[in-house]
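Next up, run-v3.cif (mmCIF, C-alpha atoms and all ligand atoms):
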data_coords
#
loop_
_atom_site.group_PDB
_atom_site.id
_atom_site.type_symbol
_atom_site.label_atom_id
_atom_site.label_comp_id
_atom_site.auth_asym_id
_atom_site.auth_seq_id
_atom_site.Cartn_x
_atom_site.Cartn_y
_atom_site.Cartn_z
ATOM 1 C CA MET A 1 7.782 2.316 -9.785
ATOM 2 C CA GLN A 2 6.564 -1.150 -8.883
ATOM 3 C CA VAL A 3 6.362 -3.822 -11.576
ATOM 4 C CA ILE A 4 4.254 -6.962 -11.826
ATOM 5 C CA GLU A 5 5.401 -9.821 -14.033
ATOM 6 C CA GLY A 6 3.812 -12.475 -16.213
ATOM 7 C CA HIS A 7 5.609 -14.592 -18.803
ATOM 8 C CA GLY A 8 8.335 -12.003 -19.347
ATOM 9 C CA ALA A 9 5.987 -8.994 -19.374
ATOM 10 C CA ARG A 10 7.005 -6.389 -16.793
ATOM 11 C CA ILE A 11 3.975 -4.185 -16.157
ATOM 12 C CA PRO A 12 4.496 -0.935 -14.205
ATOM 13 C CA SER A 13 2.021 -0.319 -11.387
ATOM 14 C CA PRO A 14 -0.105 1.685 -11.004
ATOM 15 C CA GLY A 15 -1.037 2.332 -14.623
ATOM 16 C CA PHE A 16 -3.130 5.178 -16.002
ATOM 17 C CA GLY A 17 -6.619 4.218 -17.227
ATOM 18 C CA THR A 18 -7.883 6.413 -20.054
ATOM 19 C CA MET A 19 -11.458 5.302 -20.712
ATOM 20 C CA THR A 20 -13.784 8.324 -21.308
ATOM 21 C CA LEU A 21 -10.835 10.721 -21.696
ATOM 22 C CA LYS A 22 -11.121 12.399 -25.084
ATOM 23 C CA GLU A 23 -9.455 14.922 -27.380
ATOM 24 C CA ASP A 24 -7.159 17.603 -25.908
ATOM 25 C CA LEU A 25 -7.939 16.631 -22.307
ATOM 26 C CA CYS A 26 -6.775 13.078 -22.998
ATOM 27 C CA ILE A 27 -3.550 14.267 -24.667
ATOM 28 C CA GLU A 28 -2.823 16.660 -21.784
ATOM 29 C CA LEU A 29 -3.537 14.079 -19.083
ATOM 30 C CA VAL A 30 -1.457 11.355 -20.717
ATOM 31 C CA GLU A 31 1.423 13.820 -21.023
ATOM 32 C CA ALA A 32 0.927 14.948 -17.405
ATOM 33 C CA ALA A 33 0.711 11.356 -16.143
ATOM 34 C CA LEU A 34 4.013 10.469 -17.815
ATOM 35 C CA HIS A 35 5.685 13.615 -16.435
ATOM 36 C CA LEU A 36 4.483 12.630 -12.956
ATOM 37 C CA GLY A 37 6.061 9.192 -13.329
ATOM 38 C CA TYR A 38 3.364 6.845 -14.662
ATOM 39 C CA ARG A 39 4.903 4.321 -17.059
ATOM 40 C CA HIS A 40 1.844 2.284 -18.046
ATOM 41 C CA LEU A 41 -1.015 3.545 -20.241
ATOM 42 C CA ASP A 42 -4.241 1.614 -20.720
ATOM 43 C CA THR A 43 -6.361 2.321 -23.800
ATOM 44 C CA ALA A 44 -8.606 0.320 -26.134
ATOM 45 C CA GLN A 45 -9.999 0.528 -29.625
ATOM 46 C CA MET A 46 -13.413 0.984 -28.003
ATOM 47 C CA TYR A 47 -12.384 4.071 -25.982
ATOM 48 C CA GLY A 48 -11.987 6.121 -29.164
ATOM 49 C CA ASN A 49 -8.841 7.792 -27.813
ATOM 50 C CA GLU A 50 -5.894 5.776 -29.138
ATOM 51 C CA ARG A 51 -4.814 8.728 -31.307
ATOM 52 C CA GLU A 52 -4.760 11.020 -28.264
ATOM 53 C CA VAL A 53 -2.964 8.482 -26.080
ATOM 54 C CA GLY A 54 -0.231 8.115 -28.731
ATOM 55 C CA GLU A 55 0.014 11.898 -29.082
ATOM 56 C CA GLY A 56 0.287 12.385 -25.301
ATOM 57 C CA LEU A 57 3.054 9.787 -25.201
ATOM 58 C CA ARG A 58 5.029 11.581 -27.923
ATOM 59 C CA ARG A 59 4.492 15.056 -26.433
ATOM 60 C CA SER A 60 5.725 13.848 -23.030
ATOM 61 C CA GLY A 61 9.213 13.273 -24.421
ATOM 62 C CA VAL A 62 9.457 10.091 -22.316
ATOM 63 C CA LYS A 63 11.273 7.387 -24.269
ATOM 64 C CA ARG A 64 8.912 4.952 -25.948
ATOM 65 C CA GLU A 65 10.768 1.943 -24.530
ATOM 66 C CA ASP A 66 10.188 3.247 -20.986
ATOM 67 C CA VAL A 67 6.382 3.191 -21.310
ATOM 68 C CA PHE A 68 4.157 0.107 -21.262
ATOM 69 C CA VAL A 69 1.230 0.644 -23.657
ATOM 70 C CA THR A 70 -1.824 -1.622 -23.630
ATOM 71 C CA THR A 71 -4.646 -1.629 -26.148
ATOM 72 C CA LYS A 72 -7.542 -4.030 -26.746
ATOM 73 C CA VAL A 73 -9.553 -5.555 -29.566
ATOM 74 C CA TRP A 74 -13.291 -5.009 -29.125
ATOM 75 C CA PHE A 75 -15.506 -8.109 -28.984
ATOM 76 C CA SER A 76 -17.190 -7.395 -32.335
ATOM 77 C CA ARG A 77 -13.810 -7.466 -34.151
ATOM 78 C CA LEU A 78 -12.592 -10.917 -33.100
ATOM 79 C CA ALA A 79 -13.289 -12.854 -36.323
ATOM 80 C CA PRO A 80 -10.205 -13.865 -38.359
ATOM 81 C CA GLY A 81 -9.184 -11.081 -40.714
ATOM 82 C CA ASP A 82 -11.212 -8.467 -38.874
ATOM 83 C CA PHE A 83 -9.085 -9.053 -35.766
ATOM 84 C CA GLU A 84 -5.897 -8.270 -37.667
ATOM 85 C CA ARG A 85 -7.478 -5.206 -39.319
ATOM 86 C CA SER A 86 -8.539 -3.949 -35.909
ATOM 87 C CA VAL A 87 -4.975 -4.231 -34.597
ATOM 88 C CA ASP A 88 -3.597 -2.426 -37.685
ATOM 89 C CA GLU A 89 -6.121 0.384 -37.136
ATOM 90 C CA SER A 90 -5.191 0.664 -33.455
ATOM 91 C CA LEU A 91 -1.481 0.910 -34.273
ATOM 92 C CA GLN A 92 -2.165 3.524 -36.949
ATOM 93 C CA ARG A 93 -4.158 5.622 -34.485
ATOM 94 C CA LEU A 94 -1.528 5.243 -31.771
ATOM 95 C CA ALA A 95 1.148 5.909 -34.452
ATOM 96 C CA LEU A 96 3.223 3.097 -32.972
ATOM 97 C CA PRO A 97 4.746 0.073 -34.736
ATOM 98 C CA PHE A 98 3.763 -2.180 -31.828
ATOM 99 C CA VAL A 99 2.166 -2.093 -28.386
ATOM 100 C CA ASP A 100 3.448 -3.773 -25.236
ATOM 101 C CA LEU A 101 0.256 -5.658 -24.470
ATOM 102 C CA LEU A 102 -2.680 -6.533 -26.697
ATOM 103 C CA LEU A 103 -5.828 -7.872 -25.032
ATOM 104 C CA ILE A 104 -9.043 -9.436 -26.215
ATOM 105 C CA HIS A 105 -11.350 -6.882 -24.559
ATOM 106 C CA TRP A 106 -14.322 -9.247 -23.992
ATOM 107 C CA PRO A 107 -15.010 -12.794 -25.118
ATOM 108 C CA ASN A 108 -17.619 -13.279 -27.849
ATOM 109 C CA ALA A 109 -19.638 -16.500 -27.755
ATOM 110 C CA GLN A 110 -20.455 -16.114 -31.475
ATOM 111 C CA ILE A 111 -16.816 -16.438 -32.516
ATOM 112 C CA PRO A 112 -14.935 -19.656 -31.644
ATOM 113 C CA LEU A 113 -12.285 -18.878 -29.041
ATOM 114 C CA ALA A 114 -9.796 -20.964 -31.061
ATOM 115 C CA GLN A 115 -10.059 -18.432 -33.885
ATOM 116 C CA SER A 116 -9.582 -15.284 -31.814
ATOM 117 C CA ILE A 117 -6.754 -16.825 -29.786
ATOM 118 C CA ALA A 118 -5.073 -17.901 -33.059
ATOM 119 C CA SER A 119 -5.335 -14.293 -34.334
ATOM 120 C CA LEU A 120 -3.991 -12.941 -31.029
ATOM 121 C CA CYS A 121 -0.961 -15.262 -31.247
ATOM 122 C CA LYS A 122 -0.477 -14.428 -34.927
ATOM 123 C CA VAL A 123 -0.225 -10.676 -34.329
ATOM 124 C CA LYS A 124 2.283 -11.318 -31.542
ATOM 125 C CA ARG A 125 4.421 -13.464 -33.840
ATOM 126 C CA GLY A 126 4.120 -10.674 -36.431
ATOM 127 C CA GLY A 127 5.728 -8.240 -33.978
ATOM 128 C CA LEU A 128 2.674 -6.000 -33.548
ATOM 129 C CA THR A 129 2.624 -6.543 -29.789
ATOM 130 C CA ARG A 130 5.281 -7.633 -27.316
ATOM 131 C CA HIS A 131 2.829 -9.528 -25.118
ATOM 132 C CA ILE A 132 -0.735 -10.785 -25.309
ATOM 133 C CA GLY A 133 -3.531 -11.424 -22.849
ATOM 134 C CA VAL A 134 -7.248 -11.406 -22.230
ATOM 135 C CA ALA A 135 -9.740 -9.298 -20.296
ATOM 136 C CA ASN A 136 -13.050 -10.210 -18.695
ATOM 137 C CA PHE A 137 -12.534 -13.971 -19.126
ATOM 138 C CA ASN A 138 -13.947 -16.330 -16.491
ATOM 139 C CA ILE A 139 -11.996 -19.304 -15.151
ATOM 140 C CA ALA A 140 -13.204 -21.800 -17.772
ATOM 141 C CA MET A 141 -12.407 -19.343 -20.574
ATOM 142 C CA ILE A 142 -8.951 -18.631 -19.140
ATOM 143 C CA ASP A 143 -8.172 -22.358 -18.984
ATOM 144 C CA GLU A 144 -9.426 -22.845 -22.534
ATOM 145 C CA ALA A 145 -7.543 -19.823 -23.878
ATOM 146 C CA VAL A 146 -4.280 -20.968 -22.288
ATOM 147 C CA ALA A 147 -4.735 -24.470 -23.745
ATOM 148 C CA LEU A 148 -5.398 -23.035 -27.216
ATOM 149 C CA ALA A 149 -2.624 -20.426 -27.250
ATOM 150 C CA SER A 150 0.670 -21.120 -29.007
ATOM 151 C CA GLU A 151 2.174 -18.034 -27.307
ATOM 152 C CA PRO A 152 2.088 -17.345 -23.547
ATOM 153 C CA LEU A 153 -0.848 -15.325 -22.233
ATOM 154 C CA ALA A 154 1.003 -12.810 -20.099
ATOM 155 C CA SER A 155 -1.850 -10.914 -18.497
ATOM 156 C CA LEU A 156 -5.467 -10.966 -17.374
ATOM 157 C CA GLN A 157 -7.341 -7.676 -16.977
ATOM 158 C CA ILE A 158 -10.410 -7.826 -14.739
ATOM 159 C CA GLU A 159 -12.561 -5.599 -12.574
ATOM 160 C CA THR A 160 -11.036 -5.436 -9.082
ATOM 161 C CA HIS A 161 -11.837 -3.195 -6.110
ATOM 162 C CA PRO A 162 -12.450 -3.710 -2.406
ATOM 163 C CA TYR A 163 -16.163 -4.472 -2.896
ATOM 164 C CA LEU A 164 -15.678 -7.291 -5.419
ATOM 165 C CA ASP A 165 -14.418 -10.740 -4.494
ATOM 166 C CA GLN A 166 -12.264 -11.974 -7.385
ATOM 167 C CA THR A 167 -10.383 -14.616 -5.370
ATOM 168 C CA LYS A 168 -11.196 -17.547 -7.647
ATOM 169 C CA VAL A 169 -10.378 -15.926 -10.961
ATOM 170 C CA LEU A 170 -7.206 -14.440 -9.442
ATOM 171 C CA ALA A 171 -6.122 -17.957 -8.444
ATOM 172 C CA ALA A 172 -6.728 -19.176 -12.017
ATOM 173 C CA ALA A 173 -4.593 -16.360 -13.413
ATOM 174 C CA ARG A 174 -1.802 -17.124 -10.929
ATOM 175 C CA ARG A 175 -1.959 -20.832 -11.810
ATOM 176 C CA HIS A 176 -1.224 -19.851 -15.412
ATOM 177 C CA GLY A 177 1.484 -17.341 -14.484
ATOM 178 C CA MET A 178 -0.526 -14.367 -15.768
ATOM 179 C CA ALA A 179 0.024 -10.858 -14.380
ATOM 180 C CA VAL A 180 -3.265 -9.378 -13.173
ATOM 181 C CA VAL A 181 -4.218 -5.803 -14.080
ATOM 182 C CA GLY A 182 -7.189 -4.410 -12.136
ATOM 183 C CA TYR A 183 -9.712 -2.089 -13.726
ATOM 184 C CA CYS A 184 -12.280 0.092 -11.895
ATOM 185 C CA PRO A 185 -9.931 -0.016 -8.887
ATOM 186 C CA LEU A 186 -11.779 2.949 -7.340
ATOM 187 C CA ALA A 187 -15.165 1.318 -8.018
ATOM 188 C CA ARG A 188 -15.812 4.275 -10.373
ATOM 189 C CA GLY A 189 -15.700 6.827 -7.617
ATOM 190 C CA LYS A 190 -17.417 4.855 -4.813
ATOM 191 C CA VAL A 191 -14.139 4.202 -2.978
ATOM 192 C CA PRO A 192 -13.204 7.803 -1.991
ATOM 193 C CA GLY A 193 -16.317 8.192 0.199
ATOM 194 C CA ASP A 194 -15.935 4.872 2.018
ATOM 195 C CA PRO A 195 -15.536 5.457 5.789
ATOM 196 C CA VAL A 196 -13.433 2.312 6.388
ATOM 197 C CA LEU A 197 -11.039 3.180 3.582
ATOM 198 C CA GLN A 198 -10.935 6.801 4.732
ATOM 199 C CA ARG A 199 -10.013 5.733 8.275
ATOM 200 C CA ILE A 200 -7.342 3.271 7.122
ATOM 201 C CA GLY A 201 -5.918 5.783 4.686
ATOM 202 C CA ARG A 202 -5.880 8.538 7.340
ATOM 203 C CA ALA A 203 -3.858 6.330 9.676
ATOM 204 C CA HIS A 204 -1.064 6.466 7.054
ATOM 205 C CA GLY A 205 -1.570 10.102 6.068
ATOM 206 C CA LYS A 206 -3.193 8.853 2.840
ATOM 207 C CA SER A 207 -6.620 9.045 1.187
ATOM 208 C CA ALA A 208 -9.291 6.358 0.834
ATOM 209 C CA ALA A 209 -8.426 6.080 -2.873
ATOM 210 C CA GLN A 210 -4.770 5.447 -2.033
ATOM 211 C CA ALA A 211 -5.740 2.795 0.539
ATOM 212 C CA ALA A 212 -7.876 0.966 -2.055
ATOM 213 C CA LEU A 213 -5.118 1.085 -4.663
ATOM 214 C CA ARG A 214 -2.539 -0.088 -2.129
ATOM 215 C CA PHE A 215 -4.868 -2.971 -1.168
ATOM 216 C CA LEU A 216 -4.693 -4.200 -4.783
ATOM 217 C CA GLU A 217 -0.964 -3.587 -5.151
ATOM 218 C CA GLN A 218 -0.211 -5.670 -2.059
ATOM 219 C CA GLN A 219 -1.994 -8.562 -3.791
ATOM 220 C CA ASP A 220 0.326 -8.169 -6.782
ATOM 221 C CA ILE A 221 -2.432 -6.602 -8.886
ATOM 222 C CA ALA A 222 -1.569 -3.546 -11.016
ATOM 223 C CA PRO A 223 -4.461 -1.075 -10.682
ATOM 224 C CA ILE A 224 -5.177 1.291 -13.572
ATOM 225 C CA PRO A 225 -7.131 4.169 -11.987
ATOM 226 C CA ARG A 226 -8.482 6.859 -14.259
ATOM 227 C CA SER A 227 -8.819 10.511 -13.393
ATOM 228 C CA SER A 228 -9.539 13.645 -15.373
ATOM 229 C CA LYS A 229 -7.873 15.784 -12.653
ATOM 230 C CA ARG A 230 -4.129 16.318 -12.492
ATOM 231 C CA GLU A 231 -3.975 16.470 -8.696
ATOM 232 C CA ARG A 232 -5.621 13.065 -8.517
ATOM 233 C CA LEU A 233 -3.111 11.616 -10.975
ATOM 234 C CA ALA A 234 -0.403 12.404 -8.433
ATOM 235 C CA GLU A 235 -2.511 11.139 -5.537
ATOM 236 C CA ASN A 236 -3.169 7.801 -7.240
ATOM 237 C CA LEU A 237 0.476 7.367 -8.204
ATOM 238 C CA ALA A 238 1.524 7.916 -4.591
ATOM 239 C CA SER A 239 -0.441 4.803 -3.551
ATOM 240 C CA ALA A 240 2.783 2.868 -3.992
ATOM 241 C CA GLU A 241 4.497 4.739 -1.141
ATOM 242 C CA PHE A 242 3.169 3.030 1.959
ATOM 243 C CA GLN A 243 2.371 -0.395 3.410
ATOM 244 C CA LEU A 244 -0.927 -1.710 4.804
ATOM 245 C CA SER A 245 -0.725 -4.109 7.740
ATOM 246 C CA GLU A 246 -2.181 -7.613 7.558
ATOM 247 C CA ALA A 247 -5.051 -6.484 9.789
ATOM 248 C CA GLU A 248 -5.790 -3.541 7.479
ATOM 249 C CA MET A 249 -5.652 -5.815 4.420
ATOM 250 C CA ALA A 250 -8.178 -8.148 6.128
ATOM 251 C CA GLU A 251 -10.445 -5.252 7.053
ATOM 252 C CA ILE A 252 -10.488 -3.974 3.467
ATOM 253 C CA ALA A 253 -11.060 -7.499 2.128
ATOM 254 C CA ALA A 254 -14.121 -7.716 4.399
ATOM 255 C CA LEU A 255 -15.734 -4.851 2.422
ATOM 256 C CA LYS A 256 -16.563 -7.318 -0.366
ATOM 257 C CA ARG A 257 -20.260 -7.781 -0.988
ATOM 258 C CA PRO A 258 -22.546 -9.545 -3.456
ATOM 259 C CA ASN A 259 -23.607 -7.896 -6.715
ATOM 260 C CA SER A 260 -20.828 -5.345 -6.567
ATOM 261 C CA ARG A 261 -19.694 -5.723 -10.157
ATOM 262 C CA ILE A 262 -19.829 -2.350 -11.909
ATOM 263 C CA VAL A 263 -19.157 -3.254 -15.520
ATOM 264 C CA SER A 264 -21.569 -5.489 -17.465
ATOM 265 C CA PRO A 265 -20.634 -7.440 -20.597
ATOM 266 C CA PRO A 266 -21.250 -5.450 -23.781
ATOM 267 C CA GLN A 267 -24.540 -5.940 -25.584
ATOM 268 C CA ALA A 268 -24.552 -8.449 -28.419
ATOM 269 C CA PRO A 269 -24.039 -6.656 -31.718
ATOM 270 C CA PRO A 270 -27.079 -6.280 -34.011
ATOM 271 C CA TRP A 271 -26.063 -9.206 -36.255
ATOM 272 C CA ASP A 272 -26.484 -11.468 -33.221
ATOM 273 C CA SER A 273 -29.955 -10.536 -32.154
HETATM 274 N N1 LIG B 1 -11.063 -4.167 -19.679
HETATM 275 C C1 LIG B 1 -12.223 -3.614 -19.434
HETATM 276 O O1 LIG B 1 -13.292 -4.161 -19.802
HETATM 277 C C2 LIG B 1 -12.278 -2.309 -18.687
HETATM 278 C C3 LIG B 1 -13.510 -1.846 -18.191
HETATM 279 C C4 LIG B 1 -13.527 -0.640 -17.482
HETATM 280 C C5 LIG B 1 -12.363 0.084 -17.311
HETATM 281 N N2 LIG B 1 -11.177 -0.367 -17.834
HETATM 282 C C6 LIG B 1 -9.921 0.413 -17.675
HETATM 283 O O2 LIG B 1 -9.741 0.695 -16.297
HETATM 284 C C7 LIG B 1 -9.597 2.103 -16.092
HETATM 285 C C8 LIG B 1 -10.131 2.499 -14.736
HETATM 286 O O3 LIG B 1 -11.488 2.149 -14.566
HETATM 287 P P1 LIG B 1 -12.653 3.243 -14.556
HETATM 288 O O4 LIG B 1 -12.169 4.435 -15.289
HETATM 289 O O5 LIG B 1 -13.877 2.590 -15.065
HETATM 290 O O6 LIG B 1 -12.920 3.522 -13.005
HETATM 291 P P2 LIG B 1 -12.025 3.960 -11.724
HETATM 292 O O7 LIG B 1 -10.614 4.220 -12.097
HETATM 293 O O8 LIG B 1 -12.340 2.977 -10.653
HETATM 294 O O9 LIG B 1 -12.753 5.295 -11.285
HETATM 295 C C9 LIG B 1 -12.663 6.477 -12.018
HETATM 296 C C10 LIG B 1 -13.472 7.528 -11.272
HETATM 297 O O10 LIG B 1 -12.859 7.792 -9.999
HETATM 298 C C11 LIG B 1 -12.608 9.188 -9.860
HETATM 299 N N3 LIG B 1 -11.287 9.308 -9.191
HETATM 300 C C12 LIG B 1 -10.075 8.983 -9.698
HETATM 301 N N4 LIG B 1 -9.113 9.172 -8.782
HETATM 302 C C13 LIG B 1 -9.722 9.673 -7.679
HETATM 303 C C14 LIG B 1 -9.265 10.070 -6.410
HETATM 304 N N5 LIG B 1 -7.980 9.995 -6.094
HETATM 305 N N6 LIG B 1 -10.171 10.539 -5.508
HETATM 306 C C15 LIG B 1 -11.489 10.609 -5.834
HETATM 307 N N7 LIG B 1 -11.981 10.222 -7.009
HETATM 308 C C16 LIG B 1 -11.106 9.748 -7.935
HETATM 309 C C17 LIG B 1 -12.622 9.750 -11.252
HETATM 310 O O11 LIG B 1 -13.163 11.048 -11.256
HETATM 311 P P3 LIG B 1 -12.332 12.323 -11.809
HETATM 312 O O12 LIG B 1 -12.106 12.090 -13.266
HETATM 313 O O13 LIG B 1 -13.254 13.449 -11.496
HETATM 314 O O14 LIG B 1 -11.045 12.348 -11.008
HETATM 315 C C18 LIG B 1 -13.572 8.822 -12.004
HETATM 316 O O15 LIG B 1 -14.907 9.271 -11.876
HETATM 317 C C19 LIG B 1 -10.390 2.694 -17.308
HETATM 318 O O16 LIG B 1 -10.079 4.050 -17.497
HETATM 319 C C20 LIG B 1 -9.937 1.761 -18.399
HETATM 320 O O17 LIG B 1 -8.639 2.122 -18.830
HETATM 321 C C21 LIG B 1 -11.119 -1.565 -18.497
#

Structure re-expressed in structure tokens:
Amino acid sequence: MQVIEGHGARIPSPGFGTMTLKEDLCIELVEAALHLGYRHLDTAQMYGNEREVGEGLRRSGVKREDVFVTTKVWFSRLAPGDFERSVDESLQRLALPFVDLLLIHWPNAQIPLAQSIASLCKVKRGGLTRHIGVANFNIAMIDEAVALASEPLASLQIETHPYLDQTKVLAAARRHGMAVVGYCPLARGKVPGDPVLQRIGRAHGKSAAQAALRFLEQQDIAPIPRSSKRERLAENLASAEFQLSEAEMAEIAALKRPNSRIVSPPQAPPWDS
């Protein structure tokens, strides 16, 4: 298993994304993913499946200390006091005393960043998470968050796939020593049908999905693909087993195109509008 590093955090790659996975299916897939060899689980308060992710982890029998668990605080829970309550609720649902990485899921312009970063650092000092980080922050927000934080920001989680050029924000994360975790690495299912990725994958006896994941891994990004199918869990994990050439990396990078972002910022909550 490959590992990416940021401020002492060692994040196994690839991880298993769990958004949309619910109830027994989520428990079974988390357990299956860990049996296959995944050692990094990505959940969030907003996914409504922390209980199932924790249960899958326990049922797997894999030692807790061998698994890197990430959860996130939703953007409507960032105010002081509410932030801490949100983390307590997440840990109760996961049935864990701490997570490995706690992220601010999205910034919220209505809540001063100084306050949410102070809460993030406070829960780390309180031992509720081993590492902290942010998701969906732009370069200015990353710079501001790092300047405000009294604890190192170990990781940035952002949308990354072959169609989206994230070069600038990646450089900002690197400048601050943050490990980058890539979400929607399969562009939510658009990648497997891509003829360029299919051809490059085929040349290595691999699939288009594996080529896209490998493209991220060779940039030191930990992708967190999600699948509801066991056979694809194994396929995505096996992305770590081959090497793309420089020419292949350049050809995949050339797939980037404007307006290819899949995920939009969440809607402002009702008390904002
Ligand atoms: N921080 C954030 O704001 C944020 C936002 C979005 C996502 N995330 C995290 O990132 C994870 C991944 O992103 P995502 O779930 O949005 O999208 P994704 O992983 O890019 O794509 C998932 C889709 O690809 C399909 N798929 C998976 N493996 C495949 C394969 N080998 N061949 C063909 N199709 C395959 C899945 O279908 P099947 O289920 O049918 O296999 C599913 O429809 C999430 O689960 C979540 O943990 C974070």

Please write out the residues within 8 Å of ligand LIG 1 (chain B) as a tab-separated table (two decimals) with C-alpha atoms, in the frame of the given file, counting only C-alpha atoms and all ligand atoms.
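The result, stored in result.tsv:
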chain	number	residue	atom	x	y	z
A	16	PHE	CA	-3.13	5.18	-16.00
A	17	GLY	CA	-6.62	4.22	-17.23
A	18	THR	CA	-7.88	6.41	-20.05
A	19	MET	CA	-11.46	5.30	-20.71
A	20	THR	CA	-13.78	8.32	-21.31
A	21	LEU	CA	-10.84	10.72	-21.70
A	41	LEU	CA	-1.01	3.54	-20.24
A	42	ASP	CA	-4.24	1.61	-20.72
A	43	THR	CA	-6.36	2.32	-23.80
A	44	ALA	CA	-8.61	0.32	-26.13
A	72	LYS	CA	-7.54	-4.03	-26.75
A	105	HIS	CA	-11.35	-6.88	-24.56
A	106	TRP	CA	-14.32	-9.25	-23.99
A	135	ALA	CA	-9.74	-9.30	-20.30
A	136	ASN	CA	-13.05	-10.21	-18.70
A	157	GLN	CA	-7.34	-7.68	-16.98
A	158	ILE	CA	-10.41	-7.83	-14.74
A	159	GLU	CA	-12.56	-5.60	-12.57
A	161	HIS	CA	-11.84	-3.20	-6.11
A	182	GLY	CA	-7.19	-4.41	-12.14
A	183	TYR	CA	-9.71	-2.09	-13.73
A	184	CYS	CA	-12.28	0.09	-11.90
A	185	PRO	CA	-9.93	-0.02	-8.89
A	186	LEU	CA	-11.78	2.95	-7.34
A	187	ALA	CA	-15.16	1.32	-8.02
A	188	ARG	CA	-15.81	4.28	-10.37
A	189	GLY	CA	-15.70	6.83	-7.62
A	190	LYS	CA	-17.42	4.86	-4.81
A	191	VAL	CA	-14.14	4.20	-2.98
A	192	PRO	CA	-13.20	7.80	-1.99
A	207	SER	CA	-6.62	9.04	1.19
A	208	ALA	CA	-9.29	6.36	0.83
A	209	ALA	CA	-8.43	6.08	-2.87
A	210	GLN	CA	-4.77	5.45	-2.03
A	223	PRO	CA	-4.46	-1.08	-10.68
A	224	ILE	CA	-5.18	1.29	-13.57
A	225	PRO	CA	-7.13	4.17	-11.99
A	226	ARG	CA	-8.48	6.86	-14.26
A	227	SER	CA	-8.82	10.51	-13.39
A	228	SER	CA	-9.54	13.64	-15.37
A	229	LYS	CA	-7.87	15.78	-12.65
A	232	ARG	CA	-5.62	13.06	-8.52
A	233	LEU	CA	-3.11	11.62	-10.98
A	235	GLU	CA	-2.51	11.14	-5.54
A	236	ASN	CA	-3.17	7.80	-7.24
A	263	VAL	CA	-19.16	-3.25	-15.52

Checklist entry - So which residues get picked by the PyMOL selection byres (((chain A and resi 134) around 12) and not hetatm) here, written as a PyMOL selection string? => result chain A and resi 70-75+101-108+113+116-117+120-121+131-133+135-139+141-146+149+152-158+173+178-181

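When the PyMOL selection byres (((chain A and resi 50) around 10) and not hetatm) is evaluated on the file shown here, the picked residues come out as Thr18, Lys22, Glu23, Cys26, Ile27, Asp42, Thr43, Ala44, Gln45, Met46, Tyr47, Gly48, Asn49, Arg51, Glu52, Val53, Gly54, Glu55, Gly56, Thr71, Glu89, Ser90, Leu91, Gln92, Arg93, Leu94 and Ala95 of chain A.
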
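Between atom CA of Phe98 of chain A and atom CA of Val123 of chain A there is a distance of 9.7 Å.
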
Checklist entry - Written as an MDAnalysis selection string, what is the full residue list that the PyMOL selection byres (((chain A and resi 64-69) around 6) and not hetatm) yields on the file shown? => result chainID A and resid 39:41 63 70 99:100

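In this structure, atom CA of Gly6 of chain A sits 19.6 Å away from atom CA of Ala240 of chain A.
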
Listed atoms of segment 191-202 of chain A, axis-aligned box, 3 Å per side: centre and edge lengths to one decimal in Å, as lines of an AutoDock Vina configuration file?
center_x = -11.1
center_y = 5.4
center_z = 2.6
size_x = 16.4
size_y = 12.2
size_z = 17.3

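Close contacts of Gln115 of chain A, defined as residues with an atom at most 8 Å away when counting only C-alpha atoms, with chain neighbours fewer than 4 positions off set aside, comprise Leu78, Ala79, Pro80, Ile111 and Ser119 of chain A.
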
Item to check | Shell of 10 Å around Ala253 of chain A, only C-alpha atoms, local chain residues under 6 positions omitted, as a PyMOL selection string | outcome: chain A and resi 161-165+212+215-216+247

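Minimum distance to Ala109 of chain A across A:Phe83, A:Ala211, A:Val169, A:Ser76 (counting all atoms listed in the file) occurs at A:Ser76.
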
Next on the checklist: Using Å and a single decimal, report how far atom CA of Ala33 of chain A sits from atom CA of Gly15 of chain A.
Outcome noted: 9.3 Å

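Distances here use all atoms listed in the file; by that measure, the residue among A:Gln198, A:Asn259, A:Thr129, A:Ser60 closest to Glu84 of chain A is A:Thr129.
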
Checklist entry - If we count only C-alpha atoms, what is near Val3 of chain A at a cut-off of 7 Å, once residues fewer than 4 positions away on the same chain are taken out, given as a PyMOL selection string? => result chain A and resi 10-13

Provide segment 63-67 of chain A rebuilt to N, CA, C and O atoms, formatted as a PDB file, in the coordinates of the input.
ATOM      1  N   LYS A  63      10.870   8.343 -23.230  1.00  0.00           N
ATOM      2  CA  LYS A  63      11.273   7.387 -24.269  1.00  0.00           C
ATOM      3  C   LYS A  63      10.221   6.299 -24.430  1.00  0.00           C
ATOM      4  O   LYS A  63       9.712   5.769 -23.442  1.00  0.00           O
ATOM      5  N   ARG A  64       9.939   5.968 -25.668  1.00  0.00           N
ATOM      6  CA  ARG A  64       8.912   4.952 -25.948  1.00  0.00           C
ATOM      7  C   ARG A  64       9.184   3.660 -25.189  1.00  0.00           C
ATOM      8  O   ARG A  64       8.261   3.034 -24.653  1.00  0.00           O
ATOM      9  N   GLU A  65      10.451   3.250 -25.151  1.00  0.00           N
ATOM     10  CA  GLU A  65      10.768   1.943 -24.530  1.00  0.00           C
ATOM     11  C   GLU A  65      10.580   1.959 -23.011  1.00  0.00           C
ATOM     12  O   GLU A  65      10.583   0.918 -22.367  1.00  0.00           O
ATOM     13  N   ASP A  66      10.402   3.158 -22.440  1.00  0.00           N
ATOM     14  CA  ASP A  66      10.188   3.247 -20.986  1.00  0.00           C
ATOM     15  C   ASP A  66       8.707   3.224 -20.606  1.00  0.00           C
ATOM     16  O   ASP A  66       8.374   3.315 -19.416  1.00  0.00           O
ATOM     17  N   VAL A  67       7.828   3.146 -21.591  1.00  0.00           N
ATOM     18  CA  VAL A  67       6.382   3.191 -21.310  1.00  0.00           C
ATOM     19  C   VAL A  67       5.719   1.900 -21.796  1.00  0.00           C
ATOM     20  O   VAL A  67       5.987   1.439 -22.908  1.00  0.00           O
TER      21      VAL A  67
END
